[in-house]
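Structure, as structure tokens:
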Amino acid sequence: MSTGRLPLEDYQRYGRQMILDGFGLEGQLKLQKASVAVVGAGGLGCPALQYLAAAGVGKLGIIDHDVVELSNLQRQILHTQERIGIPKAVSAAEAIKQINSRVEVVPITSALLPTNALDLLEPYDIILDCTDNAPTRYLLSDTAVQLGKPLVSGAAQKYDGQLCIYNYGENGPCYRCLFPKPTAPELAGSCAEVGILGVVTGIIGNLQALETIKIITGLHEGKASLLIFSALSTPPFRSIKLRSKRPTCPACGVEGQKVGRISETDYVAFCGGDRPDWVSKGMVVEGRTEYRITAKEMRHVLQSSPTTRLIDVRPPVEYGICHLPNSINVPLNELVADPTSFVKIDEELETYFVCRLGNDSQLAVDALRSAGGKGIIKDVVGGLRAWSKDVDPDFPVY
């Protein structure tokens with residue numbers, strides 16, 4: 001039995017969890033002495049931080065170099081409208097202080113890099129990966145292995161999420177053990193590209209906090225598993241038992257070639273380069289001048305040409321959010337599969353394609369031309385985002 005003592009008011013604050021079997025005063029004292037680094041103060045990091053602070057974790061480090069934006073507020077629950085434009089780490093720290101002023105909070109607004117990861121994370125007992133990009137996931141995993149610390153990792157997109165603890169327990173695998181080869185950057189969509197239901201990040205982030213508390217208090221069984229969550233499935237949770245660490249893993253294995261020094265490793269290059277900037281790519285005209293038209297030029301065409309056909313190639317759900325008058329919706333995957341079933345190539349019509357950012361519409365132009373389409377076949381540079389910026393500021397941007 002512990003001989004330690006809490007400040008008098010903490011017995012009332014934390015009493016509901018201290019009376020749990022296996023928790024007690026000893027568990028609360030362990031939380032009070034523990035330190036946790038949360039990398040990413042977004043959709044996953046916010047709920048994780050909220051519950052770690054409420055539970056009484058003594059020290060929380062928050063590492064995030066982004067600033068709060070309006071689009072974050074749908075899921076990043078520690079941030080507010082009043083704090084739009086300030087660093088997320090600072091915003092989250094302010095919110096935590098309002099939840100529990102006794103918690104020591106260290107906001108770090110620098111980006112986590114191979115050159116600073118070891119120094120930033122070494123002071124903490126447990127690391128939480130609440131990020132959304134592959135290079136940082138590999139960096140965090142390698143750092144956790146080198147520092148000998150558990151890594152509680154969460155991920156969420158669309159209606160789905162997953163949770164895993166790496167480098168923990170007897171022979172617990174690291175991230176490289178499960179994913180030795182990264183996904184191509186162009187295939188790893190972000191929440192802005194594929195969407196996310198905010199409550200899904202809340203569920204996964206809360207589970208990250210739960211697993212962290214279990215590790216700190218000694219309630220975790222120490223077995224490696226991957227928890228899969230799907231909001232639209234019944235049951236919504238599925239647990240997969242994981243194998244032990246791979247002996248040949250370059251990070252945590254005992255055989256084979258090892259990863260080089262973390263500070264000298266180019267994680268972005270290892271993951272295939274930077275994630276594509278689809279907004280910028282959708283604005284590129286060079287090399288495609290005869291196939292592209294600006295939003296302002298498109299407005300003139302719509303006003304002056306009675307033989308214009310405007311095809312919106314976004315998915316039906318996005319077309320339902322907003323669309324240009326007199327446009328027709330043909331999703332890109334359907335059009336590419338059989339262009340001539342939607343557009344008769346011998347018709348004397350000008351055909352224009354539009355999408356959200358001006359990338360899918362280029363593929364539509366190429367598909368129709370490859371199928372034998374002739375005449376005027378163009379797409380809108382920058383898509384509907386450019387239309388809102390240059391033509392109609394009241395047109396919704398999402």
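Starting from 1 in every chain, residues are counted up; chains themselves are A, B, ... following the order of the structure tokens, and ligands are numbered from 1 as listed.
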
Inset, instruction - Find the residues near Ser388 (chain A): any atom within 12 Å, counting only C-alpha atoms, skip ones fewer than 6 places away on the same chain, and give them as a list in words. - result: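 Here the qualifying residues turn out to be Ala295, Lys296, Arg299, Cys322, His323, Leu324, Arg356, Leu357, Gly382, Asp394, Phe395, Pro396, Val397 and Tyr398 of chain A.
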
Prev. selection, N, CA and C atoms, output as an mmCIF file, in the first residue's frame:
data_model
loop_
_atom_site.group_PDB
_atom_site.id
_atom_site.type_symbol
_atom_site.label_atom_id
_atom_site.label_comp_id
_atom_site.auth_asym_id
_atom_site.auth_seq_id
_atom_site.Cartn_x
_atom_site.Cartn_y
_atom_site.Cartn_z
ATOM 1 N N ALA A 295 -11.275 30.115 -64.333
ATOM 2 C CA ALA A 295 -12.642 30.270 -63.828
ATOM 3 C C ALA A 295 -13.322 31.490 -64.443
ATOM 4 N N LYS A 296 -12.590 32.568 -64.600
ATOM 5 C CA LYS A 296 -13.175 33.771 -65.201
ATOM 6 C C LYS A 296 -13.547 33.518 -66.658
ATOM 7 N N ARG A 299 -16.725 31.508 -66.796
ATOM 8 C CA ARG A 299 -17.923 32.325 -66.589
ATOM 9 C C ARG A 299 -18.363 32.962 -67.899
ATOM 10 N N CYS A 322 -22.695 21.474 -53.146
ATOM 11 C CA CYS A 322 -22.763 22.700 -53.940
ATOM 12 C C CYS A 322 -22.350 22.367 -55.365
ATOM 13 N N HIS A 323 -22.895 23.071 -56.343
ATOM 14 C CA HIS A 323 -22.503 22.878 -57.735
ATOM 15 C C HIS A 323 -22.913 24.091 -58.556
ATOM 16 N N LEU A 324 -22.309 24.217 -59.720
ATOM 17 C CA LEU A 324 -22.630 25.326 -60.610
ATOM 18 C C LEU A 324 -23.949 25.066 -61.320
ATOM 19 N N ARG A 356 -13.271 19.747 -57.679
ATOM 20 C CA ARG A 356 -13.082 20.569 -56.489
ATOM 21 C C ARG A 356 -11.858 21.476 -56.591
ATOM 22 N N LEU A 357 -10.717 20.898 -57.011
ATOM 23 C CA LEU A 357 -9.460 21.647 -57.003
ATOM 24 C C LEU A 357 -8.784 21.744 -58.360
ATOM 25 N N GLY A 382 -7.908 25.054 -61.282
ATOM 26 C CA GLY A 382 -8.206 25.321 -59.872
ATOM 27 C C GLY A 382 -9.588 24.908 -59.429
ATOM 28 N N ASP A 394 -19.467 34.034 -52.959
ATOM 29 C CA ASP A 394 -20.537 33.398 -52.167
ATOM 30 C C ASP A 394 -20.659 31.908 -52.453
ATOM 31 N N PHE A 395 -19.858 31.400 -53.393
ATOM 32 C CA PHE A 395 -19.894 29.963 -53.679
ATOM 33 C C PHE A 395 -19.157 29.238 -52.538
ATOM 34 N N PRO A 396 -19.763 28.197 -51.969
ATOM 35 C CA PRO A 396 -19.182 27.545 -50.782
ATOM 36 C C PRO A 396 -17.834 26.881 -51.056
ATOM 37 N N VAL A 397 -16.935 26.993 -50.087
ATOM 38 C CA VAL A 397 -15.659 26.276 -50.083
ATOM 39 C C VAL A 397 -15.693 25.300 -48.925
ATOM 40 N N TYR A 398 -15.369 24.038 -49.185
ATOM 41 C CA TYR A 398 -15.422 23.035 -48.107
ATOM 42 C C TYR A 398 -14.131 22.253 -48.065
#

Just the strand (DSSP E or B) stuff from region 187-378 of chain A, please, per backbone DSSP, written as a CSV table (one decimal) with N, CA and C atoms, in the first residue's frame.
chain,number,residue,atom,x,y,z
A,196,ILE,N,-13.6,13.2,-42.7
A,196,ILE,CA,-13.6,12.6,-41.4
A,196,ILE,C,-14.8,13.0,-40.6
A,225,SER,N,-1.7,-5.7,-29.7
A,225,SER,CA,-2.9,-5.9,-30.5
A,225,SER,C,-3.2,-4.6,-31.3
A,226,LEU,N,-3.9,-4.8,-32.3
A,226,LEU,CA,-4.4,-3.7,-33.2
A,226,LEU,C,-5.9,-3.6,-33.1
A,227,LEU,N,-6.4,-2.5,-32.6
A,227,LEU,CA,-7.8,-2.3,-32.5
A,227,LEU,C,-8.4,-1.5,-33.7
A,228,ILE,N,-9.3,-2.1,-34.4
A,228,ILE,CA,-9.9,-1.5,-35.6
A,228,ILE,C,-11.3,-1.0,-35.2
A,229,PHE,N,-11.6,0.2,-35.6
A,229,PHE,CA,-13.0,0.8,-35.3
A,229,PHE,C,-13.6,1.2,-36.6
A,230,SER,N,-14.9,0.9,-36.8
A,230,SER,CA,-15.7,1.4,-37.9
A,230,SER,C,-17.0,1.8,-37.4
A,237,PHE,N,-16.1,-2.5,-33.1
A,237,PHE,CA,-14.7,-2.7,-32.8
A,237,PHE,C,-14.3,-4.1,-33.1
A,238,ARG,N,-13.1,-4.2,-33.6
A,238,ARG,CA,-12.5,-5.5,-33.8
A,238,ARG,C,-11.0,-5.5,-33.4
A,239,SER,N,-10.6,-6.5,-32.7
A,239,SER,CA,-9.2,-6.5,-32.2
A,239,SER,C,-8.4,-7.6,-32.9
A,240,ILE,N,-7.2,-7.3,-33.3
A,240,ILE,CA,-6.4,-8.2,-34.0
A,240,ILE,C,-5.1,-8.5,-33.2
A,241,LYS,N,-4.8,-9.7,-32.9
A,241,LYS,CA,-3.6,-10.0,-32.2
A,241,LYS,C,-2.4,-9.9,-33.1
A,292,ARG,N,-7.0,23.7,-70.9
A,292,ARG,CA,-7.4,24.3,-69.6
A,292,ARG,C,-8.0,25.7,-69.8
A,293,ILE,N,-8.9,26.1,-68.9
A,293,ILE,CA,-9.5,27.4,-69.0
A,293,ILE,C,-9.7,27.9,-67.6
A,308,THR,N,-22.7,24.8,-74.7
A,308,THR,CA,-21.7,24.4,-73.7
A,308,THR,C,-22.2,23.3,-72.8
A,309,ARG,N,-21.4,22.3,-72.6
A,309,ARG,CA,-21.7,21.2,-71.7
A,309,ARG,C,-20.7,21.2,-70.5
A,310,LEU,N,-21.2,21.4,-69.3
A,310,LEU,CA,-20.3,21.5,-68.1
A,310,LEU,C,-20.6,20.3,-67.3
A,311,ILE,N,-19.5,19.5,-67.1
A,311,ILE,CA,-19.6,18.2,-66.4
A,311,ILE,C,-18.8,18.3,-65.1
A,312,ASP,N,-19.5,18.1,-64.0
A,312,ASP,CA,-18.8,18.1,-62.7
A,312,ASP,C,-18.5,16.6,-62.3
A,328,ILE,N,-23.9,19.1,-65.0
A,328,ILE,CA,-24.3,17.7,-64.7
A,328,ILE,C,-23.3,16.9,-64.0
A,329,ASN,N,-23.7,16.0,-63.2
A,329,ASN,CA,-22.7,15.2,-62.4
A,329,ASN,C,-22.5,13.9,-63.0
A,350,GLU,N,-19.4,22.1,-77.0
A,350,GLU,CA,-18.1,22.4,-76.2
A,350,GLU,C,-18.3,21.7,-74.9
A,351,THR,N,-17.2,20.9,-74.5
A,351,THR,CA,-17.3,20.1,-73.2
A,351,THR,C,-16.3,20.6,-72.3
A,352,TYR,N,-16.7,21.0,-71.1
A,352,TYR,CA,-15.9,21.5,-70.0
A,352,TYR,C,-16.1,20.6,-68.8
A,353,PHE,N,-15.0,20.3,-68.1
A,353,PHE,CA,-15.0,19.5,-66.9
A,353,PHE,C,-14.6,20.4,-65.7
A,354,VAL,N,-15.2,20.1,-64.5
A,354,VAL,CA,-14.9,20.9,-63.3
A,354,VAL,C,-14.9,19.9,-62.1
A,377,ILE,N,-12.5,20.6,-75.6
A,377,ILE,CA,-12.6,19.7,-74.4
A,377,ILE,C,-11.6,20.3,-73.4
A,378,LYS,N,-12.1,21.0,-72.4
A,378,LYS,CA,-11.2,21.6,-71.5
A,378,LYS,C,-11.7,21.4,-70.0

Legend entry - Selection: 10 Å around Ser263 (chain A), only C-alpha atoms, excl. self and same-chain fewer than 5 positions, as a list of chain:residue names: A:Leu113, A:Pro114, A:Thr115, A:Asn116, A:Ala117, A:Leu118, A:Leu139, A:Thr143

Inset, instruction - Would you mind listing what lies within 9 Å of Leu60 (chain A) as a PyMOL selection string, with only C-alpha atoms counted and same-chain residues fewer than 6 positions away left out? - result: chain A and resi 34-38+49+52-53+93+103-107+124

Legend entry - 10 Å contact set for Gly260 (chain A), only C-alpha atoms, chain neighbours under 6 positions out, as a list in words: Pro250, Ala251 and Asp266 of chain A

Inset, instruction - Just give me the gap between CA of Gly358 (chain A) and CA of Val381 (chain A) in Å, one decimal is fine. - result: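 One can read the CA of Gly358 (chain A) to CA of Val381 (chain A) distance as 5.4 Å.
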
Legend entry - Residue nearest Trp278 (chain A) - candidates A:Gly253, A:Pro236, A:Gly320, A:Pro185, atoms counted: only C-alpha atoms: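 Checking each candidate against Trp278 (chain A), we get A:Pro185 as the closest.
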
Can you list every residue of region 90-160 of chain A that has an atom at most 12 Å from region 11-31 of chain A, with its nearest atom pair and the distance in Å to one decimal, using only C-alpha atoms, ordered by chain then number, as CSV?
residue,atom,partner,partner_atom,distance
A:Ile99,CA,A:Arg13,CA,11.5
A:Asn100,CA,A:Arg13,CA,9.9
A:Arg102,CA,A:Arg13,CA,11.3
A:Val103,CA,A:Leu31,CA,10.5
A:Asp125,CA,A:Leu31,CA,10.9
A:Ile126,CA,A:Leu31,CA,11.7

Inset, instruction - Tell me which of A:Ala92, A:Leu197, A:Val279, A:Val145 sits closest to Gln74 (chain A), counting only C-alpha atoms. - result: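 Nearest candidate to Gln74 (chain A) out of A:Ala92, A:Leu197, A:Val279, A:Val145: A:Leu197.
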
Inset, instruction - Between A:Leu44, A:Ala134, A:Ala188, A:Ala386, single out the one closest to Gly282 (chain A), counting only C-alpha atoms. - result: A:Ala386

Legend entry - Nearest-residue call for Arg314 (chain A), choices A:Ile127, A:Asn359, A:Gly169, A:Asn133, using only C-alpha atoms: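 Comparing A:Ile127, A:Asn359, A:Gly169, A:Asn133 against Arg314 (chain A), the winner is A:Asn359.
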
Inset, instruction - Name the residues of region 2-112 of chain A that fall into alpha helix (DSSP H) according to DSSP on the backbone, using the chain letters and numbers of this document, as number ranges by chain. - result: A: 8-13, 15-18, 24-33, 45-55, 88-99

Okay, now the selection with C-alpha atoms, as an mmCIF file, in the first residue's frame?
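Result went into part-v2.cif, see below:
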data_model
loop_
_atom_site.group_PDB
_atom_site.id
_atom_site.type_symbol
_atom_site.label_atom_id
_atom_site.label_comp_id
_atom_site.auth_asym_id
_atom_site.auth_seq_id
_atom_site.Cartn_x
_atom_site.Cartn_y
_atom_site.Cartn_z
ATOM 1 C CA LEU A 8 -6.412 17.441 0.072
ATOM 2 C CA GLU A 9 -8.585 18.719 -2.796
ATOM 3 C CA ASP A 10 -7.306 15.965 -5.108
ATOM 4 C CA TYR A 11 -9.046 13.277 -3.057
ATOM 5 C CA GLN A 12 -12.346 14.832 -4.078
ATOM 6 C CA ARG A 13 -11.254 15.589 -7.649
ATOM 7 C CA GLY A 15 -12.028 10.075 -5.909
ATOM 8 C CA ARG A 16 -14.300 8.455 -8.521
ATOM 9 C CA GLN A 17 -11.340 6.727 -10.161
ATOM 10 C CA MET A 18 -9.309 6.057 -7.017
ATOM 11 C CA GLY A 24 -6.488 3.287 -5.698
ATOM 12 C CA LEU A 25 -4.274 5.977 -4.278
ATOM 13 C CA GLU A 26 -1.213 4.280 -5.743
ATOM 14 C CA GLY A 27 -2.597 4.595 -9.279
ATOM 15 C CA GLN A 28 -3.307 8.295 -8.779
ATOM 16 C CA LEU A 29 0.184 8.925 -7.461
ATOM 17 C CA LYS A 30 1.626 7.170 -10.527
ATOM 18 C CA LEU A 31 -0.403 9.457 -12.778
ATOM 19 C CA GLN A 32 0.755 12.494 -10.837
ATOM 20 C CA LYS A 33 4.398 11.514 -11.345
ATOM 21 C CA GLY A 45 -4.579 14.872 -29.731
ATOM 22 C CA CYS A 46 -7.339 17.109 -28.385
ATOM 23 C CA PRO A 47 -9.512 14.378 -26.794
ATOM 24 C CA ALA A 48 -6.411 12.490 -25.633
ATOM 25 C CA LEU A 49 -5.049 15.605 -23.935
ATOM 26 C CA GLN A 50 -8.427 16.449 -22.442
ATOM 27 C CA TYR A 51 -8.795 13.135 -20.652
ATOM 28 C CA LEU A 52 -5.144 12.797 -19.652
ATOM 29 C CA ALA A 53 -5.368 16.215 -18.015
ATOM 30 C CA ALA A 54 -8.678 15.402 -16.346
ATOM 31 C CA ALA A 55 -7.257 12.119 -15.002
ATOM 32 C CA LYS A 88 -2.473 24.662 -31.742
ATOM 33 C CA ALA A 89 -0.029 23.734 -28.993
ATOM 34 C CA VAL A 90 -0.666 27.050 -27.251
ATOM 35 C CA SER A 91 -4.438 26.808 -27.747
ATOM 36 C CA ALA A 92 -4.540 23.290 -26.334
ATOM 37 C CA ALA A 93 -2.380 24.307 -23.381
ATOM 38 C CA GLU A 94 -4.775 27.140 -22.544
ATOM 39 C CA ALA A 95 -7.725 24.751 -22.651
ATOM 40 C CA ILE A 96 -5.963 22.208 -20.436
ATOM 41 C CA LYS A 97 -5.202 24.835 -17.825
ATOM 42 C CA GLN A 98 -8.921 25.549 -17.635
ATOM 43 C CA ILE A 99 -9.622 21.837 -17.128
#
